[in-house]
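Enquirer: If it helps, the file is called final_26.txt and holds compact mmCIF, C-alpha atoms and all ligand atoms:
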# COMPACT_ATOMS: atom_id res chain seq x y z
CA MET A 1 -22.03 -2.85 -13.50
CA THR A 2 -23.40 -4.66 -10.52
CA LEU A 3 -24.02 -2.35 -7.63
CA THR A 4 -24.54 -4.01 -4.31
CA ASP A 5 -27.32 -2.54 -2.25
CA ALA A 6 -25.85 0.67 -0.91
CA ASN A 7 -28.56 1.35 1.62
CA SER A 8 -28.59 -1.75 3.76
CA GLU A 9 -26.99 -1.52 7.18
CA SER A 10 -23.32 -2.47 7.41
CA ALA A 11 -22.91 -5.74 9.32
CA ASN A 12 -20.08 -4.52 11.53
CA SER A 13 -20.00 -0.79 11.10
CA ASP A 14 -18.98 -0.24 14.74
CA GLN A 15 -16.08 -2.70 14.65
CA ILE A 16 -12.91 -0.81 13.74
CA MET A 17 -10.69 -2.69 11.30
CA GLY A 18 -12.59 -5.95 11.43
CA GLU A 19 -13.86 -7.83 8.40
CA PRO A 20 -15.84 -5.80 5.88
CA ASP A 21 -19.58 -6.58 5.69
CA GLU A 22 -21.04 -9.22 3.34
CA PHE A 23 -20.88 -6.74 0.45
CA GLY A 24 -17.23 -6.05 1.12
CA ARG A 25 -17.90 -2.63 2.58
CA PHE A 26 -16.15 -0.69 5.32
CA GLY A 27 -18.99 1.60 6.42
CA GLN A 28 -20.22 3.21 3.20
CA PHE A 29 -16.99 2.48 1.28
CA GLY A 30 -15.61 -0.49 -0.64
CA GLY A 31 -17.91 -3.01 -2.30
CA ARG A 32 -17.54 -4.76 -5.62
CA PHE A 33 -18.31 -2.46 -8.56
CA VAL A 34 -17.16 -4.62 -11.45
CA PRO A 35 -18.46 -5.76 -14.84
CA GLU A 36 -20.70 -8.84 -14.68
CA THR A 37 -17.90 -10.98 -16.14
CA LEU A 38 -15.64 -10.30 -13.15
CA VAL A 39 -18.16 -11.14 -10.42
CA PRO A 40 -17.46 -14.92 -10.42
CA ALA A 41 -13.68 -14.28 -10.41
CA CYS A 42 -13.98 -12.00 -7.38
CA GLN A 43 -16.20 -14.54 -5.62
CA GLU A 44 -13.80 -17.40 -6.38
CA LEU A 45 -10.97 -15.28 -4.99
CA GLU A 46 -12.87 -14.41 -1.83
CA ASP A 47 -13.70 -18.07 -1.18
CA ALA A 48 -10.11 -19.14 -1.83
CA PHE A 49 -8.70 -16.45 0.45
CA ARG A 50 -11.08 -17.32 3.29
CA SER A 51 -10.18 -20.97 3.02
CA ALA A 52 -6.41 -20.32 2.80
CA TRP A 53 -6.38 -17.89 5.70
CA GLY A 54 -8.20 -20.44 7.84
CA ASP A 55 -5.68 -23.16 6.95
CA THR A 56 -2.72 -23.46 9.33
CA GLU A 57 -0.59 -25.08 6.61
CA PHE A 58 -1.02 -22.04 4.32
CA ARG A 59 -0.26 -19.68 7.19
CA ARG A 60 2.84 -21.67 8.11
CA GLU A 61 4.11 -21.66 4.54
CA LEU A 62 3.62 -17.89 4.23
CA SER A 63 5.29 -17.22 7.60
CA ALA A 64 8.28 -19.31 6.54
CA LEU A 65 8.64 -17.36 3.29
CA LEU A 66 8.31 -14.04 5.10
CA ALA A 67 11.03 -15.08 7.54
CA ASP A 68 13.51 -16.96 5.35
CA TYR A 69 13.06 -15.16 2.05
CA ALA A 70 11.81 -11.64 2.84
CA GLY A 71 13.78 -11.28 6.08
CA ARG A 72 10.98 -10.73 8.62
CA PRO A 73 10.55 -9.65 11.31
CA SER A 74 11.75 -6.20 10.31
CA PRO A 75 13.32 -4.36 13.27
CA ILE A 76 12.22 -1.09 14.83
CA THR A 77 14.84 1.64 15.19
CA GLU A 78 14.86 4.36 17.82
CA CYS A 79 16.04 7.59 16.14
CA HIS A 80 18.13 9.49 18.69
CA ARG A 81 19.46 12.26 16.50
CA LEU A 82 16.22 12.84 14.58
CA SER A 83 14.32 12.91 17.90
CA GLU A 84 16.68 15.53 19.24
CA GLU A 85 16.23 17.64 16.13
CA LEU A 86 12.42 17.39 16.08
CA GLY A 87 11.82 17.66 19.83
CA TYR A 88 9.89 14.42 20.24
CA ARG A 89 10.65 10.69 20.29
CA VAL A 90 10.74 9.00 16.86
CA ILE A 91 10.71 5.24 16.28
CA LEU A 92 10.85 3.71 12.79
CA LYS A 93 9.37 0.41 11.64
CA ARG A 94 11.97 -0.76 9.14
CA GLU A 95 10.04 -2.16 6.14
CA ASP A 96 12.89 -0.74 4.03
CA LEU A 97 14.98 -3.71 5.13
CA ASN A 98 12.74 -6.32 3.48
CA HIS A 99 13.87 -8.17 0.36
CA THR A 100 13.12 -5.99 -2.72
CA GLY A 101 13.28 -2.92 -0.51
CA SER A 102 9.77 -2.25 0.71
CA HIS A 103 6.63 -3.55 2.41
CA LYS A 104 5.22 -4.70 -0.96
CA ILE A 105 6.76 -8.17 -0.66
CA ASN A 106 4.40 -9.06 2.28
CA ASN A 107 1.32 -8.77 0.10
CA VAL A 108 2.88 -10.25 -3.01
CA LEU A 109 4.14 -13.42 -1.31
CA GLY A 110 0.70 -13.90 0.24
CA GLN A 111 -1.13 -13.48 -3.05
CA ALA A 112 1.35 -15.57 -5.07
CA LEU A 113 1.03 -18.46 -2.63
CA LEU A 114 -2.74 -18.12 -2.81
CA ALA A 115 -2.60 -18.16 -6.63
CA LYS A 116 -0.62 -21.41 -6.53
CA ARG A 117 -3.09 -22.92 -4.10
CA MET A 118 -5.91 -21.97 -6.51
CA GLY A 119 -4.11 -23.87 -9.27
CA LYS A 120 -3.21 -20.76 -11.28
CA THR A 121 0.05 -20.75 -13.24
CA ARG A 122 0.24 -17.12 -14.30
CA LEU A 123 0.43 -13.86 -12.34
CA ILE A 124 -0.84 -10.56 -13.72
CA ALA A 125 0.05 -7.27 -12.07
CA GLU A 126 -0.19 -3.53 -12.68
CA THR A 127 2.61 -1.19 -11.76
CA GLY A 128 3.19 2.57 -11.67
CA ALA A 129 6.78 3.32 -10.72
CA GLY A 130 7.57 -0.37 -11.11
CA GLN A 131 7.99 -1.37 -7.46
CA HIS A 132 4.93 -3.62 -7.30
CA GLY A 133 5.81 -5.07 -10.71
CA VAL A 134 9.29 -5.95 -9.46
CA ALA A 135 7.89 -7.51 -6.28
CA THR A 136 5.38 -9.59 -8.28
CA ALA A 137 8.04 -10.68 -10.79
CA THR A 138 10.20 -11.69 -7.81
CA ALA A 139 7.45 -13.87 -6.32
CA ALA A 140 6.73 -15.39 -9.74
CA ALA A 141 10.40 -16.33 -10.17
CA LEU A 142 10.52 -17.80 -6.67
CA LEU A 143 7.40 -19.92 -7.17
CA GLY A 144 8.01 -20.83 -10.81
CA MET A 145 5.05 -18.96 -12.28
CA GLU A 146 4.59 -16.97 -15.47
CA CYS A 147 4.31 -13.22 -14.96
CA ARG A 148 2.96 -10.36 -17.02
CA VAL A 149 3.10 -6.78 -15.74
CA TYR A 150 1.04 -3.93 -17.21
CA MET A 151 2.68 -0.55 -17.05
CA GLY A 152 1.63 2.76 -18.61
CA GLU A 153 3.69 3.64 -21.66
CA VAL A 154 4.66 6.95 -20.04
CA ASP A 155 5.85 5.16 -16.89
CA ILE A 156 7.85 2.64 -18.94
CA SER A 157 9.95 5.41 -20.40
CA ARG A 158 10.32 7.08 -16.97
CA GLN A 159 11.33 3.88 -15.16
CA GLU A 160 13.69 2.03 -17.48
CA LEU A 161 15.66 0.41 -14.69
CA ASN A 162 12.62 -1.27 -13.14
CA VAL A 163 11.49 -2.51 -16.55
CA PHE A 164 14.90 -4.12 -16.96
CA ARG A 165 14.69 -5.59 -13.45
CA MET A 166 11.34 -7.21 -14.25
CA ASN A 167 12.79 -8.63 -17.46
CA LEU A 168 15.76 -10.04 -15.53
CA LEU A 169 13.29 -11.73 -13.19
CA GLY A 170 11.62 -13.38 -16.17
CA ALA A 171 8.52 -11.20 -16.41
CA GLU A 172 6.97 -9.72 -19.52
CA VAL A 173 6.23 -5.98 -19.29
CA VAL A 174 3.32 -4.85 -21.45
CA PRO A 175 2.67 -1.15 -22.12
CA ALA A 176 -0.78 0.26 -21.33
CA LEU A 177 -1.52 2.51 -24.30
CA SER A 178 -4.93 3.91 -23.37
CA GLY A 179 -5.90 7.14 -21.57
CA SER A 180 -3.05 8.96 -19.90
CA ARG A 181 -0.86 5.84 -20.25
CA THR A 182 -0.06 5.74 -16.51
CA LEU A 183 -0.99 3.65 -13.47
CA LYS A 184 -4.78 3.86 -13.64
CA ASP A 185 -4.69 2.70 -17.26
CA ALA A 186 -2.39 -0.18 -16.30
CA VAL A 187 -4.99 -1.29 -13.70
CA ASN A 188 -7.69 -1.29 -16.41
CA GLU A 189 -5.51 -3.41 -18.72
CA ALA A 190 -4.69 -5.86 -15.94
CA MET A 191 -8.40 -6.29 -15.15
CA ARG A 192 -9.15 -6.90 -18.82
CA ASP A 193 -6.47 -9.59 -19.01
CA TRP A 194 -7.84 -11.19 -15.83
CA VAL A 195 -11.38 -11.41 -17.28
CA ALA A 196 -10.07 -13.01 -20.47
CA LYS A 197 -7.74 -15.56 -18.85
CA VAL A 198 -9.26 -16.20 -15.43
CA GLU A 199 -8.94 -19.99 -15.86
CA ASP A 200 -5.16 -20.01 -15.41
CA SER A 201 -4.42 -16.43 -14.32
CA TYR A 202 -4.38 -14.60 -11.04
CA TYR A 203 -4.52 -10.79 -10.69
CA CYS A 204 -2.02 -9.75 -8.02
CA LEU A 205 -3.18 -6.25 -7.04
CA GLY A 206 -0.60 -3.95 -5.49
CA SER A 207 -2.43 -1.98 -2.83
CA ALA A 208 -5.38 -2.11 -0.43
CA MET A 209 -7.82 -1.05 -3.13
CA GLY A 210 -9.93 -2.54 -5.94
CA PRO A 211 -13.07 -4.68 -5.67
CA HIS A 212 -13.81 -6.87 -2.62
CA PRO A 213 -11.95 -8.97 -1.44
CA TYR A 214 -8.75 -7.10 -2.43
CA PRO A 215 -8.77 -4.22 0.10
CA TRP A 216 -9.46 -6.62 2.96
CA MET A 217 -7.09 -9.35 1.70
CA VAL A 218 -4.20 -6.96 1.03
CA ARG A 219 -4.66 -5.40 4.47
CA THR A 220 -4.66 -8.87 6.02
CA PHE A 221 -1.35 -9.74 4.33
CA HIS A 222 0.16 -6.47 5.64
CA GLU A 223 -1.16 -6.88 9.20
CA VAL A 224 2.18 -8.52 9.99
CA ILE A 225 3.66 -4.99 10.04
CA GLY A 226 1.26 -3.85 12.74
CA ILE A 227 1.44 -7.06 14.77
CA GLU A 228 5.24 -6.94 14.92
CA ALA A 229 5.34 -3.19 15.59
CA ARG A 230 2.84 -3.47 18.45
CA GLU A 231 4.97 -6.10 20.20
CA GLN A 232 8.24 -4.31 19.48
CA THR A 233 7.03 -0.92 20.72
CA ALA A 234 5.45 -2.52 23.81
CA ARG A 235 8.87 -3.94 24.69
CA LEU A 236 10.55 -0.60 24.10
CA LEU A 237 7.89 1.47 25.89
CA ASP A 238 7.34 -0.77 28.95
CA GLY A 239 4.04 -2.08 27.68
CA GLY A 240 2.91 1.30 26.37
CA VAL A 241 1.89 2.34 22.88
CA PRO A 242 3.15 5.31 20.83
CA ASP A 243 1.06 8.50 20.99
CA VAL A 244 1.05 8.77 17.20
CA VAL A 245 1.40 6.18 14.41
CA THR A 246 2.06 7.60 10.95
CA ALA A 247 2.66 6.37 7.39
CA CYS A 248 2.53 7.65 3.83
CA VAL A 249 -0.60 6.86 1.80
CA GLY A 250 -0.77 6.04 -1.90
CA GLY A 251 -3.36 3.30 -2.30
CA GLY A 252 -2.88 2.86 1.43
CA SER A 253 -1.44 -0.63 1.96
CA ASN A 254 1.58 0.11 4.15
CA ALA A 255 -0.46 2.55 6.24
CA ILE A 256 -3.36 0.14 6.74
CA GLY A 257 -0.87 -2.58 7.73
CA ILE A 258 0.68 -0.57 10.54
CA PHE A 259 -2.62 1.10 11.59
CA SER A 260 -4.19 -2.33 12.07
CA GLY A 261 -1.80 -3.04 14.95
CA PHE A 262 -2.93 0.05 16.86
CA ALA A 263 -6.59 0.50 15.89
CA ASP A 264 -7.73 -0.75 19.32
CA THR A 265 -5.45 1.63 21.26
CA ASP A 266 -5.73 5.36 21.80
CA ALA A 267 -2.78 6.04 19.49
CA GLU A 268 -3.55 8.74 16.98
CA LEU A 269 -3.36 7.41 13.39
CA VAL A 270 -2.13 9.84 10.74
CA GLY A 271 -1.83 9.10 7.01
CA VAL A 272 0.17 11.48 4.84
CA GLU A 273 -0.72 12.04 1.17
CA PRO A 274 0.99 14.12 -1.51
CA ALA A 275 -0.75 17.48 -2.00
CA GLY A 276 -1.17 16.52 -5.68
CA GLY A 277 -2.88 13.24 -4.80
CA ALA A 278 -4.82 14.09 -1.67
CA ALA A 279 -7.77 11.75 -2.24
CA VAL A 280 -8.86 11.57 1.40
CA GLY A 281 -8.05 15.21 2.01
CA ARG A 282 -10.61 16.29 -0.60
CA LYS A 283 -13.34 13.98 0.70
CA VAL A 284 -15.07 13.51 -2.66
CA PRO A 285 -16.62 10.02 -2.83
CA GLY A 286 -16.74 8.11 -6.10
CA VAL A 287 -16.19 4.73 -7.70
CA VAL A 288 -12.95 3.77 -9.39
CA HIS A 289 -11.29 0.42 -10.07
CA GLY A 290 -14.04 -1.64 -8.51
CA SER A 291 -14.77 0.07 -5.22
CA LYS A 292 -16.27 3.17 -3.69
CA SER A 293 -13.87 5.46 -1.92
CA TYR A 294 -12.62 9.01 -1.87
CA LEU A 295 -10.90 10.00 -5.06
CA MET A 296 -9.72 12.97 -7.03
CA GLN A 297 -12.25 13.87 -9.68
CA ASP A 298 -13.62 16.94 -11.42
CA GLU A 299 -17.23 18.27 -11.29
CA VAL A 300 -18.44 15.82 -13.95
CA GLY A 301 -16.92 12.83 -12.20
CA GLN A 302 -13.89 12.46 -14.45
CA VAL A 303 -11.00 10.96 -12.48
CA LEU A 304 -8.11 13.41 -12.25
CA GLU A 305 -4.43 12.63 -12.77
CA ALA A 306 -2.54 12.54 -9.51
CA GLU A 307 0.73 14.40 -9.54
CA SER A 308 3.55 13.94 -7.09
CA ILE A 309 7.33 13.89 -6.99
CA SER A 310 6.98 10.27 -5.92
CA ALA A 311 5.73 7.99 -8.69
CA GLY A 312 4.72 5.42 -6.02
CA LEU A 313 2.08 7.78 -4.62
CA ASP A 314 0.81 8.93 -8.03
CA TYR A 315 -2.61 7.39 -7.60
CA PRO A 316 -5.84 9.42 -7.75
CA GLY A 317 -7.73 7.20 -5.30
CA VAL A 318 -7.19 5.65 -1.90
CA GLY A 319 -8.22 2.29 -0.42
CA PRO A 320 -11.81 2.26 0.88
CA GLU A 321 -10.87 1.38 4.46
CA HIS A 322 -8.93 4.66 4.74
CA ALA A 323 -11.98 6.55 3.51
CA HIS A 324 -13.96 4.81 6.26
CA LEU A 325 -11.36 5.51 8.97
CA ALA A 326 -11.38 9.17 7.95
CA ASP A 327 -15.19 9.22 7.90
CA ILE A 328 -15.54 7.87 11.44
CA GLY A 329 -12.68 10.01 12.71
CA ARG A 330 -10.43 7.12 13.75
CA ALA A 331 -7.60 8.29 11.48
CA ARG A 332 -6.77 11.62 9.98
CA TYR A 333 -5.07 12.42 6.68
CA GLU A 334 -2.70 15.28 6.03
CA SER A 335 -0.96 16.38 2.87
CA VAL A 336 2.48 17.76 2.09
CA THR A 337 4.03 19.54 -0.87
CA ASP A 338 6.86 18.25 -3.05
CA ALA A 339 9.18 20.93 -1.60
CA GLU A 340 8.49 19.66 1.93
CA VAL A 341 9.08 16.08 0.75
CA ILE A 342 12.52 16.95 -0.60
CA GLU A 343 13.41 18.34 2.85
CA GLY A 344 12.06 15.24 4.59
CA PHE A 345 14.09 12.98 2.34
CA GLN A 346 17.32 14.72 3.30
CA LEU A 347 16.41 15.03 6.97
CA LEU A 348 16.41 11.28 7.64
CA ALA A 349 19.56 10.69 5.61
CA ARG A 350 21.43 13.43 7.44
CA THR A 351 20.33 12.60 10.98
CA GLU A 352 20.08 8.80 10.95
CA GLY A 353 22.11 7.51 8.02
CA ILE A 354 19.00 6.06 6.36
CA ILE A 355 17.99 7.13 2.85
CA PRO A 356 14.19 6.76 2.72
CA ALA A 357 11.99 6.07 -0.29
CA LEU A 358 10.43 9.30 -1.55
CA GLU A 359 7.03 7.90 -0.54
CA CYS A 360 8.15 7.74 3.11
CA ALA A 361 9.61 11.22 2.86
CA HIS A 362 5.97 12.41 2.81
CA ALA A 363 5.47 11.20 6.38
CA LEU A 364 8.84 12.68 7.36
CA ALA A 365 7.82 16.00 5.80
CA TRP A 366 4.67 16.11 7.92
CA MET A 367 6.64 15.10 11.03
CA SER A 368 9.06 17.93 10.46
CA ARG A 369 6.40 20.55 9.70
CA GLU A 370 4.30 19.66 12.76
CA ARG A 371 7.13 19.45 15.28
CA GLU A 372 5.44 21.96 17.58
CA GLU A 373 2.18 20.06 17.67
CA LEU A 374 4.10 16.81 18.28
CA ALA A 375 6.47 18.17 20.97
CA GLY A 376 7.10 15.73 23.80
CA LYS A 377 5.20 12.85 22.18
CA THR A 378 6.31 9.39 21.08
CA LEU A 379 5.75 8.72 17.38
CA LEU A 380 6.04 5.52 15.38
CA MET A 381 6.54 5.92 11.64
CA ASN A 382 6.33 3.15 9.06
CA LEU A 383 9.43 3.44 6.90
CA SER A 384 7.79 1.60 4.01
CA GLY A 385 10.82 1.46 1.71
CA ARG A 386 14.42 2.37 1.01
CA GLY A 387 15.52 5.22 -1.20
CA ASP A 388 18.03 3.58 -3.52
CA LYS A 389 15.50 3.74 -6.37
CA ASP A 390 15.13 7.50 -5.86
CA VAL A 391 18.71 8.74 -5.59
CA ALA A 392 19.17 9.45 -9.31
CA GLN A 393 15.98 11.55 -9.35
CA MET A 394 17.06 13.40 -6.20
CA MET A 395 20.47 14.04 -7.71
CA ASP A 396 18.71 15.93 -10.50
CA VAL A 397 16.38 17.75 -8.11
CA LEU A 398 19.16 18.83 -5.78
CA GLY A 399 21.51 19.77 -8.60
CA ARG A 400 24.23 17.27 -7.74
CA LYS A 401 25.42 19.22 -4.71
C1 LIG A 501 4.32 1.45 -3.43
C2 LIG A 501 4.87 2.15 -2.26
C3 LIG A 501 4.07 2.98 -1.44
C4 LIG A 501 2.63 3.30 -1.76
O1 LIG A 501 1.74 2.25 -1.64
P1 LIG A 501 0.77 2.04 -0.41
O2 LIG A 501 -0.15 1.00 -0.88
O3 LIG A 501 0.08 3.34 -0.12
O4 LIG A 501 1.59 1.60 0.75
C5 LIG A 501 4.63 3.54 -0.30
N1 LIG A 501 5.93 3.33 0.00
C6 LIG A 501 6.73 2.57 -0.77
C7 LIG A 501 8.16 2.39 -0.36
C8 LIG A 501 6.23 1.96 -1.93
O5 LIG A 501 7.05 1.20 -2.68
Since I need it in another form, could you write the structure as structure tokens?

Expert:
Amino acid sequence: MTLTDANSESANSDQIMGEPDEFGRFGQFGGRFVPETLVPACQELEDAFRSAWGDTEFRRELSALLADYAGRPSPITECHRLSEELGYRVILKREDLNHTGSHKINNVLGQALLAKRMGKTRLIAETGAGQHGVATATAAALLGMECRVYMGEVDISRQELNVFRMNLLGAEVVPALSGSRTLKDAVNEAMRDWVAKVEDSYYCLGSAMGPHPYPWMVRTFHEVIGIEAREQTARLLDGGVPDVVTACVGGGSNAIGIFSGFADTDAELVGVEPAGGAAVGRKVPGVVHGSKSYLMQDEVGQVLEAESISAGLDYPGVGPEHAHLADIGRARYESVTDAEVIEGFQLLARTEGIIPALECAHALAWMSREREELAGKTLLMNLSGRGDKDVAQMMDVLGRK
């Protein structure tokens, strides 16, 4: 392991949501804790990303794909009936309307274009519930690249439909057979593949986590959510900003995307985690998957299994920038139980005719529980994905009423 000097002063510790310092740290979190063999690959990636992001041609190409393929800009929706029920004003940012059904496509198109620009012909990805795998397989099909997705053996049997989708899109799905055979094991397998085949392969990571430059790069690709939402809410609110901006947090990519648009305002930023995966809530720092952050672990430092009704939030860690935002008090993180999530899921469907992804139902659950605290305010919620993928599971949970 190479550990970058943890004691030197952060270059821009007082700049909220700017670039990480030269070690890839946000305050005391982040960094690049990887085996020696991965250091050059991470450095090559950082250099390539910096160069691409500074190139107007790359930015133009990505913008065109986001508009003509993914369907951006996503609208915002004022929720009249939900607002009436909760006693405060609710606005949704509609990432559920993107191609493939969630925010994930923003990051994946960015990284796939970058991979092409780096001369790579093969995309590697990890996936838990299968949503990031599907998005990556989609981008690979679009750009004519090979694609291999690592998925825990347990998740493969739980998510047959997404495995079939990835196959339809031309991707190979490889079971991760080690450990608990779930998401964190799939990340390990993907990293191993990347080390072995770095010449022609690109590791397309699915959230704002992992070694530097991933957390920063993934956030940058999702900043489009916050930029659009800031303009759209300003138009709706006569130049004002919402009092509260909220989103669900797994690894933290959709939340960091929308938070970035409001970090310089006095809007309160609230991330909502599942009670069974409350990495930030527990405030235990540690290193997993290449960076330092808060994560769920036992007394001897063993990483714990996250457990949540939503497979998309079943991750024991959280992106390092969230740990930093929590640490400096710029954002706060709340957690909700599965029972509350089931209520939140139904609430949006019933009042607004929108079936949310179970991940988003976490934010809705918090919004519903805290209606007294939020009374009279204006709240913007990132609706990160649609619920089509979750209806069969909910049919079981609700007993086919
Ligand atoms: C994957 C996913 C999430 C969790 O990932 P983040 O990186 O925390 O955003 C949330 N919502 C939806 C709809 C997802 O598909």

Enquirer: How close does range 174-255 of chain A get to range 272-282 of chain A? List, as CSV, each residue of range 174-255 of chain A within 8 Å, its nearest atom pair and the distance in Å to one decimal, counting all atoms listed in the file.

Expert:
residue,atom,partner,partner_atom,distance
A:Thr246,CA,A:Val272,CA,7.5
A:Ala247,CA,A:Val272,CA,6.2
A:Cys248,CA,A:Val272,CA,4.6
A:Val249,CA,A:Glu273,CA,5.2
A:Gly250,CA,A:Glu273,CA,6.7

Enquirer: For the residues selected in the previous step, produce a file with C-alpha atoms as a PDB file, keeping the file's coordinate frame.

Expert:
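The result, written out as out11.pdb:
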ATOM      1  CA  THR A 246       2.060   7.600  10.950  1.00  0.00           C
ATOM      2  CA  ALA A 247       2.660   6.370   7.390  1.00  0.00           C
ATOM      3  CA  CYS A 248       2.530   7.650   3.830  1.00  0.00           C
ATOM      4  CA  VAL A 249      -0.600   6.860   1.800  1.00  0.00           C
ATOM      5  CA  GLY A 250      -0.770   6.040  -1.900  1.00  0.00           C
TER       6      GLY A 250
END

Enquirer: Can you work out which one of A:Asp185, A:Ile354, A:Phe58, A:Pro211 has the shortest atom-to-atom distance to Phe23 in chain A, counting all atoms listed in the file?

Expert: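 Closest to Phe23 in chain A of all the choices is A:Pro211.
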
Enquirer: In Å to one decimal, how far is CA of Arg59 in chain A from CA of Val187 in chain A?

Expert: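 It comes out at 28.2 Å.
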
Enquirer: Using all atoms listed in the file, what table do you get, as a Markdown table, when you list each residue of chain A with an atom no more than 6 Å from ligand LIG 501 (chain A), its nearest pair of atoms, and their distance in Å rounded to one decimal, rows by chain then rising number?

Expert:
| residue | atom | partner | partner_atom | distance |
| --- | --- | --- | --- | --- |
| A:Ser102 | CA | A:LIG501 | C7 | 5.0 |
| A:Gln131 | CA | A:LIG501 | O5 | 5.5 |
| A:Ser207 | CA | A:LIG501 | O2 | 4.2 |
| A:Val249 | CA | A:LIG501 | O3 | 4.1 |
| A:Gly250 | CA | A:LIG501 | O3 | 3.3 |
| A:Gly251 | CA | A:LIG501 | O3 | 4.1 |
| A:Gly252 | CA | A:LIG501 | O3 | 3.4 |
| A:Ser253 | CA | A:LIG501 | O2 | 3.5 |
| A:Asn254 | CA | A:LIG501 | O4 | 3.7 |
| A:Ala255 | CA | A:LIG501 | O4 | 5.9 |
| A:Gly312 | CA | A:LIG501 | C1 | 4.8 |
| A:Leu313 | CA | A:LIG501 | C4 | 5.3 |
| A:Ala357 | CA | A:LIG501 | C7 | 5.3 |
| A:Glu359 | CA | A:LIG501 | N1 | 4.7 |
| A:Cys360 | CA | A:LIG501 | N1 | 5.8 |
| A:Ser384 | CA | A:LIG501 | C7 | 4.5 |
| A:Gly385 | CA | A:LIG501 | C7 | 3.5 |

Enquirer: Nearest residue to Val218 in chain A out of A:Asn382, A:Thr182, A:Asn107, A:Ser335, using all atoms listed in the file?

Expert: A:Asn107

Enquirer: Suppose you want the space between CA of Met381 in chain A and CA of Pro73 in chain A; what is it in Å?

Expert: 16.1 Å

Enquirer: For Met166 in chain A, find every residue with an atom within 9 Å (counting only C-alpha atoms), except residues of its own chain fewer than 2 positions away, and show them as a VMD selection string.

Expert: chain A and resid 130 133 to 138 149 161 to 164 168 to 173

Enquirer: Looking at A:Asn188, A:Gln28, A:Thr127, A:Gln346, which one is nearest to Ala323 in chain A, with distances taken over all atoms listed in the file?

Expert: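 Nearest to Ala323 in chain A: A:Gln28.
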
Enquirer: Report the distance between CA of Thr378 in chain A and CA of Ile256 in chain A in Å, rounded to one decimal place.

Expert: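 Separation between CA of Thr378 in chain A and CA of Ile256 in chain A: 19.6 Å.
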
Enquirer: Measuring atom to atom with only C-alpha atoms, identify which of A:Gly152, A:Gly240, A:Gly261, A:Pro40 is nearest to Ile16 in chain A.

Expert: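 That would be A:Gly261, the residue with the smallest distance to Ile16 in chain A.
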
Enquirer: Applying 10 Å and all atoms listed in the file, which residues near Arg72 in chain A remain after dropping the ones on its own chain fewer than 3 positions away? List them as a list in words.

Expert: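 Here the qualifying residues turn out to be Ser63, Ala64, Leu65, Leu66, Ala67, Asp68, Tyr69, Pro75, Glu95, Leu97, Asn98, His99, Asn106, Val224, Ile225 and Glu228 of chain A.
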
Enquirer: Determine, counting all atoms listed in the file, which protein, DNA and RNA residues have an atom within 8 Å of an atom of Phe26 in chain A; residues of the same chain fewer than 2 positions away are not included. Present the result as a ChimeraX atom specification.

Expert: /A:10,13,20-21,24,28-30,320-321,324

Enquirer: Using all atoms listed in the file, find the one residue out of A:Ala41, A:Val288, A:Met394, A:Leu114 that sits nearest to Gln302 in chain A.

Expert: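 Among the listed residues, the smallest separation from Gln302 in chain A belongs to A:Val288.
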
Enquirer: Contacts of Pro213 in chain A at 9 Å or less, counting all atoms listed in the file, minus same-chain residues fewer than 4 places along, as a count of residues only?

Expert: 11

Enquirer: Up to 9 Å from (6.7, 15.3, 25.0) in the file's coordinates: name the residues, counting all atoms listed in the file, as a VMD selection string.

Expert: chain A and resid 87 to 89 374 to 378

Enquirer: Closest to Asp243 in chain A among A:His322, A:Pro316, A:Asp264, A:Leu379, using all atoms listed in the file?

Expert: A:Leu379
